[in-house]
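Engineer: File upload.cif follows (mmCIF, C-alpha atoms and all ligand atoms):
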data_work
loop_
_atom_site.label_atom_id
_atom_site.label_comp_id
_atom_site.auth_asym_id
_atom_site.auth_seq_id
_atom_site.Cartn_x
_atom_site.Cartn_y
_atom_site.Cartn_z
CA MET A 1 -16.66 1.73 -4.00
CA SER A 2 -13.35 -0.07 -3.40
CA GLN A 3 -12.66 -3.27 -5.29
CA ALA A 4 -10.77 -6.40 -4.27
CA LEU A 5 -7.28 -6.11 -5.69
CA LEU A 6 -6.05 -9.37 -4.20
CA ILE A 7 -8.15 -12.35 -3.15
CA ALA A 8 -6.75 -15.43 -1.41
CA SER A 9 -9.07 -18.41 -1.00
CA ASP A 10 -8.45 -21.34 1.33
CA VAL A 11 -4.65 -21.00 1.16
CA CYS A 12 -2.66 -23.70 2.98
CA LEU A 13 1.02 -24.48 3.41
CA ALA A 14 2.85 -26.59 6.00
CA PHE A 15 6.57 -27.05 6.63
CA GLY A 16 6.81 -30.57 8.05
CA GLY A 17 4.56 -30.46 11.11
CA VAL A 18 4.36 -26.64 11.19
CA VAL A 19 1.18 -25.30 9.59
CA ALA A 20 2.32 -21.83 8.46
CA ALA A 21 -0.81 -21.03 6.40
CA ASP A 22 -3.98 -22.69 7.64
CA HIS A 23 -6.94 -22.28 5.23
CA ILE A 24 -6.50 -18.53 4.83
CA ASP A 25 -9.30 -16.52 3.20
CA PHE A 26 -8.36 -12.91 2.65
CA ALA A 27 -9.19 -9.99 0.35
CA LEU A 28 -7.33 -6.70 0.02
CA ASN A 29 -9.17 -3.75 -1.50
CA ASP A 30 -7.83 -1.08 -3.78
CA GLY A 31 -6.61 1.93 -1.77
CA GLU A 32 -6.23 0.14 1.57
CA ARG A 33 -3.22 0.41 3.87
CA LEU A 34 -3.18 -2.91 5.65
CA ALA A 35 -0.95 -3.58 8.66
CA VAL A 36 -0.30 -7.23 9.47
CA ILE A 37 0.63 -8.00 13.06
CA GLY A 38 1.54 -11.28 14.73
CA GLN A 39 4.12 -12.95 16.94
CA ASN A 40 7.36 -14.35 15.48
CA GLY A 41 6.59 -17.49 13.49
CA ALA A 42 2.86 -16.71 13.11
CA GLY A 43 3.08 -17.06 9.31
CA LYS A 44 3.13 -13.42 8.16
CA THR A 45 6.11 -13.79 5.83
CA THR A 46 4.96 -17.20 4.60
CA PHE A 47 1.67 -15.69 3.41
CA ILE A 48 3.56 -12.86 1.67
CA ASN A 49 5.84 -15.43 0.03
CA ILE A 50 2.79 -17.33 -1.21
CA CYS A 51 1.10 -14.20 -2.61
CA THR A 52 4.29 -13.02 -4.32
CA GLY A 53 5.11 -16.42 -5.88
CA TYR A 54 8.17 -17.30 -3.74
CA LEU A 55 6.28 -20.25 -2.23
CA GLN A 56 3.52 -22.37 -3.71
CA PRO A 57 0.49 -23.20 -1.55
CA THR A 58 -0.42 -26.87 -1.31
CA VAL A 59 -4.11 -25.88 -1.42
CA GLY A 60 -5.86 -22.66 -2.38
CA ARG A 61 -5.96 -19.95 -4.98
CA ILE A 62 -4.69 -16.38 -5.27
CA VAL A 63 -6.20 -13.85 -7.66
CA PHE A 64 -4.49 -10.49 -8.19
CA ASN A 65 -6.08 -7.68 -10.18
CA GLY A 66 -8.34 -10.20 -11.91
CA HIS A 67 -5.54 -12.67 -12.77
CA ASP A 68 -5.19 -16.11 -11.22
CA ILE A 69 -1.55 -16.00 -10.02
CA THR A 70 -1.53 -19.32 -8.15
CA GLY A 71 1.70 -21.14 -9.05
CA LYS A 72 3.08 -18.21 -11.08
CA LYS A 73 6.74 -17.18 -10.72
CA PRO A 74 7.62 -13.98 -8.78
CA ARG A 75 8.75 -12.27 -12.00
CA SER A 76 5.37 -12.79 -13.72
CA ILE A 77 3.56 -11.53 -10.61
CA VAL A 78 5.74 -8.39 -10.51
CA LYS A 79 4.82 -7.71 -14.13
CA LEU A 80 1.13 -7.76 -13.17
CA GLY A 81 1.81 -4.91 -10.70
CA MET A 82 2.71 -6.45 -7.34
CA GLY A 83 5.85 -4.96 -5.78
CA ARG A 84 7.56 -6.10 -2.61
CA SER A 85 10.14 -5.00 -0.08
CA PHE A 86 11.86 -7.52 2.15
CA GLN A 87 12.39 -8.20 5.86
CA LEU A 88 16.11 -7.96 4.96
CA PRO A 89 16.42 -5.43 2.09
CA GLN A 90 17.39 -7.05 -1.23
CA LEU A 91 19.73 -4.47 -2.71
CA PHE A 92 22.58 -4.47 -5.20
CA ALA A 93 25.01 -3.61 -2.40
CA GLY A 94 27.99 -2.83 -4.63
CA HIS A 95 26.05 -0.41 -6.84
CA SER A 96 25.05 3.19 -6.25
CA VAL A 97 21.53 4.06 -5.13
CA GLN A 98 20.81 5.48 -8.59
CA LYS A 99 22.09 2.34 -10.34
CA CYS A 100 19.86 0.17 -8.12
CA LEU A 101 16.84 2.10 -9.43
CA GLU A 102 18.12 1.79 -13.01
CA ILE A 103 18.37 -1.97 -12.57
CA ALA A 104 14.85 -2.10 -11.07
CA ALA A 105 13.52 -0.09 -14.04
CA ALA A 106 15.28 -2.44 -16.46
CA ALA A 107 13.74 -5.44 -14.67
CA ARG A 108 10.31 -3.90 -15.26
CA GLY A 109 11.07 -3.78 -18.97
CA GLY A 110 12.60 -7.29 -19.00
CA ARG A 111 16.03 -5.87 -19.92
CA LEU A 112 18.11 -7.24 -17.03
CA SER A 113 20.45 -9.12 -19.35
CA TRP A 114 21.44 -5.82 -20.99
CA LEU A 115 22.99 -4.29 -17.89
CA ALA A 116 25.91 -2.93 -19.90
CA SER A 117 23.62 -0.62 -21.88
CA LEU A 118 21.37 0.37 -18.99
CA SER A 119 22.20 4.05 -19.23
CA ASP A 120 20.74 4.19 -22.77
CA SER A 121 17.42 2.76 -21.75
CA VAL A 122 16.29 4.29 -18.45
CA ASP A 123 14.12 7.28 -17.66
CA TYR A 124 16.31 9.51 -15.44
CA HIS A 125 13.44 11.83 -14.71
CA GLU A 126 11.45 8.96 -13.18
CA ILE A 127 14.50 7.78 -11.18
CA MET A 128 15.24 11.24 -9.76
CA ASP A 129 11.56 11.86 -9.10
CA THR A 130 11.34 8.55 -7.19
CA LEU A 131 14.50 9.31 -5.19
CA GLU A 132 13.14 12.76 -4.34
CA LEU A 133 9.81 11.28 -3.30
CA ILE A 134 11.42 8.76 -0.95
CA GLY A 135 13.95 11.28 0.45
CA LEU A 136 17.07 9.69 -1.09
CA ARG A 137 17.95 12.15 -3.84
CA SER A 138 21.01 13.43 -1.99
CA ALA A 139 22.20 9.81 -1.58
CA ALA A 140 21.94 8.99 -5.32
CA HIS A 141 25.68 8.38 -5.71
CA GLU A 142 26.25 6.53 -2.44
CA LEU A 143 26.81 2.78 -2.44
CA ALA A 144 23.65 0.87 -1.49
CA GLY A 145 25.55 -1.47 0.82
CA GLU A 146 26.97 1.45 2.83
CA LEU A 147 23.67 3.22 3.53
CA PRO A 148 22.30 3.42 7.10
CA GLU A 149 19.65 0.75 7.77
CA GLY A 150 16.69 3.16 7.39
CA HIS A 151 17.96 4.34 4.01
CA LYS A 152 18.39 0.72 2.87
CA LYS A 153 14.71 0.16 3.71
CA LEU A 154 13.74 3.30 1.77
CA LEU A 155 15.85 2.19 -1.20
CA ASP A 156 14.16 -1.22 -1.20
CA VAL A 157 10.76 0.53 -1.41
CA ALA A 158 12.04 2.94 -4.10
CA MET A 159 13.18 -0.04 -6.19
CA ALA A 160 9.74 -1.60 -5.81
CA LEU A 161 8.18 1.72 -6.91
CA MET A 162 10.23 1.65 -10.13
CA LEU A 163 8.17 -1.40 -11.10
CA ARG A 164 5.11 0.94 -11.16
CA PRO A 165 3.10 -1.40 -8.94
CA LYS A 166 -0.59 -1.30 -8.03
CA LEU A 167 0.24 -2.97 -4.71
CA ILE A 168 3.39 -2.96 -2.56
CA ILE A 169 3.82 -5.55 0.16
CA MET A 170 6.42 -4.52 2.73
CA ASP A 171 7.73 -7.10 5.17
CA GLU A 172 8.74 -5.21 8.33
CA PRO A 173 9.78 -1.92 6.69
CA THR A 174 10.88 -0.50 10.07
CA SER A 175 12.75 -3.52 11.49
CA GLY A 176 16.35 -2.70 12.35
CA VAL A 177 15.55 1.03 12.32
CA SER A 178 15.89 3.02 15.56
CA SER A 179 12.64 3.95 17.28
CA GLN A 180 13.26 7.67 16.74
CA ASP A 181 13.71 7.14 12.96
CA LYS A 182 10.76 4.75 12.40
CA HIS A 183 8.03 7.39 12.17
CA GLY A 184 10.01 9.55 9.72
CA LEU A 185 10.65 6.50 7.55
CA MET A 186 6.99 5.45 7.52
CA ALA A 187 5.85 9.02 6.84
CA LEU A 188 8.09 9.15 3.76
CA VAL A 189 7.01 5.72 2.54
CA MET A 190 3.30 6.36 2.99
CA GLN A 191 3.49 9.79 1.37
CA ALA A 192 5.28 8.25 -1.62
CA LEU A 193 2.72 5.44 -1.91
CA ASP A 194 -0.18 7.92 -1.68
CA GLU A 195 1.36 10.10 -4.34
CA ARG A 196 1.79 7.12 -6.69
CA LYS A 197 -1.66 5.77 -5.71
CA VAL A 198 -0.25 2.42 -4.60
CA THR A 199 -2.24 0.13 -2.28
CA SER A 200 -0.08 -1.16 0.57
CA TRP A 201 0.25 -4.01 2.99
CA PHE A 202 2.97 -3.92 5.61
CA VAL A 203 4.05 -6.22 8.42
CA GLU A 204 4.78 -4.29 11.60
CA HIS A 205 5.46 -5.08 15.25
CA ASP A 206 5.25 -1.49 16.57
CA VAL A 207 1.66 -0.72 17.63
CA ASP A 208 2.21 3.06 17.42
CA ILE A 209 3.21 2.74 13.77
CA VAL A 210 0.26 0.41 13.09
CA SER A 211 -2.24 2.81 14.73
CA ARG A 212 -0.86 5.80 12.91
CA TYR A 213 -0.46 4.49 9.35
CA ALA A 214 -2.89 1.60 8.81
CA THR A 215 -6.49 1.91 7.64
CA ARG A 216 -6.99 -1.78 8.43
CA VAL A 217 -5.23 -4.35 10.63
CA ALA A 218 -5.08 -8.13 10.29
CA ALA A 219 -3.72 -10.19 13.18
CA TRP A 220 -2.00 -13.51 12.43
CA ILE A 221 -1.97 -16.30 15.01
CA ASP A 222 -0.59 -19.78 14.21
CA GLY A 223 -1.03 -19.52 10.43
CA LYS A 224 -4.55 -18.07 10.65
CA ILE A 225 -6.08 -14.59 10.57
CA ALA A 226 -7.50 -14.24 14.08
CA ALA A 227 -8.92 -10.72 13.64
CA ASP A 228 -9.20 -8.37 10.66
CA GLY A 229 -10.77 -4.92 10.30
CA ASP A 230 -10.74 -1.44 11.80
CA PRO A 231 -7.35 -0.85 13.54
CA GLN A 232 -8.74 0.28 16.89
CA GLN A 233 -11.21 -2.64 17.01
CA VAL A 234 -8.56 -5.24 16.15
CA LEU A 235 -6.06 -3.78 18.63
CA LYS A 236 -8.74 -3.98 21.36
CA ASN A 237 -9.66 -7.59 20.54
CA ALA A 238 -9.05 -9.76 23.64
CA GLN A 239 -7.31 -12.61 21.76
CA VAL A 240 -5.10 -10.15 19.88
CA ARG A 241 -4.16 -8.33 23.09
CA GLU A 242 -3.31 -11.56 24.87
CA GLN A 243 -1.67 -13.63 22.11
CA VAL A 244 -0.20 -10.99 19.80
CA LEU A 245 0.50 -7.93 21.93
CA GLY A 246 1.12 -9.70 25.26
CA LEU A 247 -1.33 -7.38 27.05
CA PRO A 248 -4.22 -8.07 29.45
CA PRO A 249 -7.80 -7.61 28.11
CA CYS A 250 -9.08 -3.97 28.09
N1 LIG B 301 11.34 -22.30 4.37
C1 LIG B 301 10.91 -22.79 5.53
N2 LIG B 301 11.20 -24.05 5.92
C2 LIG B 301 10.74 -24.55 7.09
N3 LIG B 301 9.97 -23.86 7.96
C3 LIG B 301 9.66 -22.60 7.63
C4 LIG B 301 10.12 -21.99 6.41
N4 LIG B 301 9.62 -20.72 6.34
C5 LIG B 301 8.93 -20.54 7.48
N5 LIG B 301 8.95 -21.65 8.24
C6 LIG B 301 8.26 -21.83 9.53
O1 LIG B 301 6.91 -21.42 9.33
C7 LIG B 301 6.44 -20.68 10.45
C8 LIG B 301 6.01 -19.30 9.99
O2 LIG B 301 7.18 -18.57 9.63
P1 LIG B 301 7.12 -17.10 9.06
O3 LIG B 301 8.50 -16.72 8.65
O4 LIG B 301 6.05 -17.00 8.04
O5 LIG B 301 6.68 -16.27 10.36
P2 LIG B 301 6.56 -14.70 10.59
O6 LIG B 301 5.20 -14.46 11.12
O7 LIG B 301 6.96 -13.97 9.38
O8 LIG B 301 7.62 -14.45 11.77
P3 LIG B 301 8.61 -13.21 12.05
O9 LIG B 301 7.82 -12.18 12.81
O10 LIG B 301 9.67 -13.84 12.93
O11 LIG B 301 9.17 -12.73 10.76
C9 LIG B 301 7.59 -20.66 11.46
O12 LIG B 301 7.38 -21.73 12.37
C10 LIG B 301 8.81 -20.90 10.61
O13 LIG B 301 9.85 -21.51 11.35
MG MG B 302 8.48 -12.62 8.93
#
Would you kindly transcribe this structure into structure tokens?
Structural biologist:
Amino acid sequence: MSQALLIASDVCLAFGGVVAADHIDFALNDGERLAVIGQNGAGKTTFINICTGYLQPTVGRIVFNGHDITGKKPRSIVKLGMGRSFQLPQLFAGHSVQKCLEIAAAARGGRLSWLASLSDSVDYHEIMDTLELIGLRSAAHELAGELPEGHKKLLDVAMALMLRPKLIIMDEPTSGVSSQDKHGLMALVMQALDERKVTSWFVEHDVDIVSRYATRVAAWIDGKIAADGDPQQVLKNAQVREQVLGLPPC
């Protein structure tokens, strides 16, 4: 039986007059691959920012892996096993791909202030294994900032994997990636997450990607979850078709 890994209860946040999270109740189970869909401005990133500690809800509570993380800083939440990749990848652009993973590993151990002695304290086997898993081993010595967009996305996920997370939340892992490269990227990411037994939640606008890789879909409309459940059911939902996908009812 799957267990709730993350539970959000009655989460609210407004920016001036814009209600970006409107009394959200949500639970993510261990082993799920959740795709979040929604129009621009629906509140998908805001909810991620709340769950990962980048924003504080005005009302509500978030519990992750049995810990109340409401109001906790992103760094403390990462240490509890929640990794994240960003809508715009957050890389150390001037460092090599391998060094980026070394820095991520050091962050896991709380050793970021000892950058100078990183090479003495990292597990190269784990770094190379992670690069292999995500398809970036041959790019280990390339500069992160000079990678093609798809490889930047993969590197962002690889850095999150170095934190040995239970859950990875990926905000638009395929945005900025050409349509012919999106499926290859998602296949690599999902294979890596399966291998490391990481639960995942990803924001995605491409319905083909959602249908292929998600075991569950949640549709955001105006700061609320309008539909949540089996992918094919949610994608057939009349409100989702009209207001999220811009399609007529089935
Ligand atoms: N820091 C902020 N300050 C003010 N308004 C914000 C802030 N962050 C988000 N918003 C507003 O909150 C609403 C939800 O934004 P959010 O970024 O969560 O949407 P989204 O669903 O991720 O959209 P997209 O698909 O474009 O990434 C939008 O109206 C946005 O303009
Ligand atoms: Mg967003």
Engineer: What residues have any atom no more than 6 Å from ligand LIG 301 (chain B) when counting all atoms listed in the file, and can you list them as an MDAnalysis selection string?
Structural biologist: chainID A and resid 15 18 20 39:46
Engineer: Which residues of chain A sit at most 12 Å from ligand MG 302 (chain B), using only C-alpha atoms and all ligand atoms? Give each one's shortest atom pair and distance in Å (one decimal place), in chain and ascending residue order, as a tab-separated table.
Structural biologist:
residue	atom	partner	partner_atom	distance
A:Ala20	CA	B:MG302	MG	11.1
A:Val36	CA	B:MG302	MG	10.3
A:Ile37	CA	B:MG302	MG	10.0
A:Gly38	CA	B:MG302	MG	9.1
A:Gln39	CA	B:MG302	MG	9.1
A:Asn40	CA	B:MG302	MG	6.9
A:Gly41	CA	B:MG302	MG	6.9
A:Ala42	CA	B:MG302	MG	8.1
A:Gly43	CA	B:MG302	MG	7.0
A:Lys44	CA	B:MG302	MG	5.5
A:Thr45	CA	B:MG302	MG	4.1
A:Thr46	CA	B:MG302	MG	7.2
A:Phe47	CA	B:MG302	MG	9.3
A:Ile48	CA	B:MG302	MG	8.8
A:Asn49	CA	B:MG302	MG	9.7
A:Ser85	CA	B:MG302	MG	11.9
A:Phe86	CA	B:MG302	MG	9.1
A:Gln87	CA	B:MG302	MG	6.7
A:Leu88	CA	B:MG302	MG	9.8
A:Met170	CA	B:MG302	MG	10.4
A:Asp171	CA	B:MG302	MG	6.7
A:Glu172	CA	B:MG302	MG	7.4
A:Pro173	CA	B:MG302	MG	11.0
A:Ser175	CA	B:MG302	MG	10.4
A:Phe202	CA	B:MG302	MG	10.8
A:Val203	CA	B:MG302	MG	7.8
A:Glu204	CA	B:MG302	MG	9.5
A:His205	CA	B:MG302	MG	10.3
A:Trp220	CA	B:MG302	MG	11.1
A:Gly223	CA	B:MG302	MG	11.8
Engineer: Which residue gives the smallest distance to Ala226 in chain A among A:Asp156, A:Glu132, A:Glu242, A:Glu146, with all atoms listed in the file counted?
Structural biologist: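 For Ala226 in chain A, the nearest of the given residues is A:Glu242.
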Engineer: Name the closest residue to Gly83 in chain A among the candidates A:Ala144, A:Ala27, A:Met186, A:Cys51; distances are taken between atoms, counting all atoms listed in the file.
Structural biologist: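 Among the listed residues, the smallest separation from Gly83 in chain A belongs to A:Cys51.
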Engineer: Can you find the residues with an atom no farther than 10 Å from (17.6, 4.8, 5.6), counting only C-alpha atoms, and report them as a ChimeraX atom specification?
Structural biologist: /A:134-136,139,147-156,174,177,181-182,184-185
Engineer: What is the distance, in Å and to one decimal place, between CA of Asn29 in chain A and CA of Ala4 in chain A?
Structural biologist: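 Separating CA of Asn29 in chain A from CA of Ala4 in chain A is a distance of 4.2 Å.
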Engineer: May I ask which of the residues A:Ile50, A:Ala140, A:Arg216, A:Leu193 is the closest one to Leu235 in chain A, counting all atoms listed in the file?
Structural biologist: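 Nearest to Leu235 in chain A: A:Arg216.
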Engineer: Given the point (-10.3, 0.4, 13.9) in the coordinates of this file, which residues lie within 9 Å, counting all atoms listed in the file, and how would they look as a ChimeraX atom specification?
Structural biologist: /A:211,215-217,229-236
Engineer: Could you state the separation of CA of Val11 in chain A and CA of Asn237 in chain A in Å, given to one decimal place?
Structural biologist: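 CA of Asn237 in chain A lies 24.1 Å from CA of Val11 in chain A.
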